[in-house]
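Visitor: Mind having a look at this structure? Questions to follow.
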Amino acid sequence: MRLRNIFDGVLASLTLCTRLPWWRLRELPKEAYERVTDYWPFVGWVTGGVMAAAFSLALWLGFSPALAALMAIAVRLLLTGALHEDGLADFCDGFGGGTTRERALAIMKDSHIGTYGVIGLILYIGLLWASLTNMADTRLEQQLITLLAASHADIDYSVLMNWEGAAVILFFDVLGKVAASFVTSQLPYARSEENAKVGVVYRQRSWRGLLAHVVRCTIALALPVVLCVFAGMPAIALGFVYIPVVLCLLPIPFIVEMLMAAWMRRRIGGYTGDCCGALFLLCELSLYLFLPLLMRYA
């Protein structure tokens, strides 16, 4: 029974967060959808993995870093159906244009996009694209210099797939979902179940459930962290101790999550599905923005 519940939870999370026909594998009970936040980090293996593969493949095929970054973003948008981006737009509209709690909730439930939503999406996609492009440009330049210094023979461009960048994309996707998944343990749902967009309210966790979720998140993060280390991510020297950059980045999205959770509590008294989507994207984006700052000390 325990394994069946885990399988149903993972399947429900994949069904809600991607456009792939996972629902054909099994008809899921409503309780499975109430536990989807428990398995968001494992969904990151799929969404982040596909995005990372698209990024590396585009570079290997000879596309410029700018085009590779754009193609990687586009592939994840197609895979998820822009679910999180839709949440970000509604979040920006509601929190930007809603002067009261009731007005903010009403705006977020409206399917039409407003000025704040458009500006929010432009800024988010622009910053994500620029971060991916910069990451690819920097890494490819370092690899070319290394190859040219080592030999004057023809360059094997298959080496320039940027495995480090792919590992970072996977790690950031999973870690962003890990941080966002804790909001349901901190805040109540801001609407009633009848007014929920998908007709489901995510279940709040007990202390025992929270401990189990920490274990799940640790398991989900283990693979991306190992891949980042083996892909060549550098470390920061603190005295005689060297700490991998990926570990230094771990607190960043949780700080963003706590600040946003406090803002949600003050503005609408809880969270909504749109808040969850916005939370994931902004936690993930914070990692891309802080990465160049830490790399300066590596």
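Starting from 1 in every chain, residues are counted up; chains themselves are A, B, ... following the order of the structure tokens, and ligands are numbered from 1 as listed.
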Residues of segment 237-269 of chain A that have any atom at most 8 Å from an atom of segment 97-116 of chain A: could you tabulate them with the shortest-distance atom pair and the distance in Å to one decimal, using only C-alpha atoms, ordered by chain and increasing number, as a Markdown table?
Guide:
```
| residue | atom | partner | partner_atom | distance |
| --- | --- | --- | --- | --- |
| A:Arg267 | CA | A:Arg101 | CA | 6.0 |
| A:Ile268 | CA | A:Arg101 | CA | 4.8 |
| A:Gly269 | CA | A:Arg101 | CA | 7.9 |
```
Visitor: Give me a file of those residues, with N, CA and C atoms, as an mmCIF file, in the first residue's frame.
Guide:
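Now in again_5.cif:
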```cif
data_model
loop_
_atom_site.group_PDB
_atom_site.id
_atom_site.type_symbol
_atom_site.label_atom_id
_atom_site.label_comp_id
_atom_site.auth_asym_id
_atom_site.auth_seq_id
_atom_site.Cartn_x
_atom_site.Cartn_y
_atom_site.Cartn_z
ATOM 1 N N ARG A 267 -0.446 39.432 2.307
ATOM 2 C CA ARG A 267 -1.340 39.948 1.274
ATOM 3 C C ARG A 267 -2.649 39.158 1.157
ATOM 4 N N ILE A 268 -2.561 37.825 1.140
ATOM 5 C CA ILE A 268 -3.775 37.041 0.902
ATOM 6 C C ILE A 268 -4.024 35.985 1.983
ATOM 7 N N GLY A 269 -3.174 35.926 3.002
ATOM 8 C CA GLY A 269 -3.394 35.009 4.111
ATOM 9 C C GLY A 269 -3.091 33.560 3.815
#
```
Visitor: Quote the spacing between atom CA of Ala72 of chain A and atom CA of Phe182 of chain A in Å to one decimal place.
Guide: 26.8 Å
Visitor: Identify, on the basis of only C-alpha atoms, every residue whose closest approach to Ile125 of chain A does not exceed 10 Å; exclude the query and any residue fewer than 3 positions from it along the same chain; express the result as a list in words.
Guide: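 Non-adjacent residues within range: Leu70, Ile73, Glu85, Gly120, Leu121, Ile122, Leu128, Trp129, Ala130, Ser131, Leu281 and Leu285 of chain A.
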Visitor: I need the residues from that last selection saved to file as a PDB file, in the first residue's frame (with N, CA and C atoms), if you can.
Guide:
```
ATOM      1  N   LEU A  70      17.530  29.651 -25.727  1.00  0.00           N
ATOM      2  CA  LEU A  70      16.136  29.873 -26.107  1.00  0.00           C
ATOM      3  C   LEU A  70      15.429  28.554 -26.410  1.00  0.00           C
ATOM      4  N   ILE A  73      14.603  26.714 -23.124  1.00  0.00           N
ATOM      5  CA  ILE A  73      13.422  27.304 -22.469  1.00  0.00           C
ATOM      6  C   ILE A  73      12.151  26.882 -23.192  1.00  0.00           C
ATOM      7  N   GLU A  85       4.562  29.329 -15.741  1.00  0.00           N
ATOM      8  CA  GLU A  85       4.590  30.690 -16.277  1.00  0.00           C
ATOM      9  C   GLU A  85       3.207  31.335 -16.199  1.00  0.00           C
ATOM     10  N   GLY A 120       5.925  40.846 -15.889  1.00  0.00           N
ATOM     11  CA  GLY A 120       6.559  39.792 -15.102  1.00  0.00           C
ATOM     12  C   GLY A 120       7.129  38.689 -15.977  1.00  0.00           C
ATOM     13  N   LEU A 121       6.377  38.251 -16.987  1.00  0.00           N
ATOM     14  CA  LEU A 121       6.852  37.193 -17.879  1.00  0.00           C
ATOM     15  C   LEU A 121       8.034  37.661 -18.717  1.00  0.00           C
ATOM     16  N   ILE A 122       7.977  38.888 -19.211  1.00  0.00           N
ATOM     17  CA  ILE A 122       9.086  39.417 -20.011  1.00  0.00           C
ATOM     18  C   ILE A 122      10.366  39.465 -19.184  1.00  0.00           C
ATOM     19  N   LEU A 128      16.141  34.674 -17.412  1.00  0.00           N
ATOM     20  CA  LEU A 128      16.508  33.261 -17.534  1.00  0.00           C
ATOM     21  C   LEU A 128      17.313  33.024 -18.809  1.00  0.00           C
ATOM     22  N   TRP A 129      16.864  33.604 -19.920  1.00  0.00           N
ATOM     23  CA  TRP A 129      17.570  33.441 -21.194  1.00  0.00           C
ATOM     24  C   TRP A 129      18.980  34.030 -21.107  1.00  0.00           C
ATOM     25  N   ALA A 130      19.089  35.226 -20.532  1.00  0.00           N
ATOM     26  CA  ALA A 130      20.400  35.867 -20.416  1.00  0.00           C
ATOM     27  C   ALA A 130      21.331  35.052 -19.517  1.00  0.00           C
ATOM     28  N   SER A 131      20.781  34.467 -18.443  1.00  0.00           N
ATOM     29  CA  SER A 131      21.602  33.668 -17.530  1.00  0.00           C
ATOM     30  C   SER A 131      22.108  32.402 -18.207  1.00  0.00           C
ATOM     31  N   LEU A 281       9.390  29.252 -10.087  1.00  0.00           N
ATOM     32  CA  LEU A 281      10.165  29.964 -11.100  1.00  0.00           C
ATOM     33  C   LEU A 281      11.117  30.980 -10.471  1.00  0.00           C
ATOM     34  N   LEU A 285      15.089  30.982 -10.570  1.00  0.00           N
ATOM     35  CA  LEU A 285      15.771  32.124 -11.168  1.00  0.00           C
ATOM     36  C   LEU A 285      16.804  32.714 -10.215  1.00  0.00           C
TER      37      LEU A 285
END
```
Visitor: Show which residues sit within 9 Å of Val256 of chain A, as a PyMOL selection string. Count only C-alpha atoms, and ignore same-chain residues fewer than 2 positions away.
Guide: chain A and resi 179+251-254+258-261+279+282-283+286
Visitor: Using DSSP on the backbone coordinates, identify the residues of segment 71-269 of chain A assigned to strand (DSSP E); present them as a list in words.
Guide: Ala235, Ile236, Ala237, Leu238, Val241, Tyr242, Ile243 and Pro244 of chain A
Visitor: Just C-alpha atoms for this one: save the residues we selected as an mmCIF file, in the first residue's frame.
Guide:
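The resulting file, again29.cif, is reproduced below:
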```cif
data_model
loop_
_atom_site.group_PDB
_atom_site.id
_atom_site.type_symbol
_atom_site.label_atom_id
_atom_site.label_comp_id
_atom_site.auth_asym_id
_atom_site.auth_seq_id
_atom_site.Cartn_x
_atom_site.Cartn_y
_atom_site.Cartn_z
ATOM 1 C CA ALA A 235 34.654 24.795 -5.374
ATOM 2 C CA ILE A 236 35.108 27.871 -3.188
ATOM 3 C CA ALA A 237 38.071 27.905 -0.818
ATOM 4 C CA LEU A 238 37.258 28.823 2.779
ATOM 5 C CA VAL A 241 38.243 23.776 3.224
ATOM 6 C CA TYR A 242 36.893 23.629 -0.319
ATOM 7 C CA ILE A 243 33.103 23.782 -0.635
ATOM 8 C CA PRO A 244 31.496 22.972 -4.013
#
```
Visitor: Under the rule that only C-alpha atoms are counted, which of A:Trp22, A:Phe172, A:Tyr202, A:Phe240 is the nearest residue to Met51 of chain A?
Guide: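 That would be A:Phe172, the residue with the smallest distance to Met51 of chain A.
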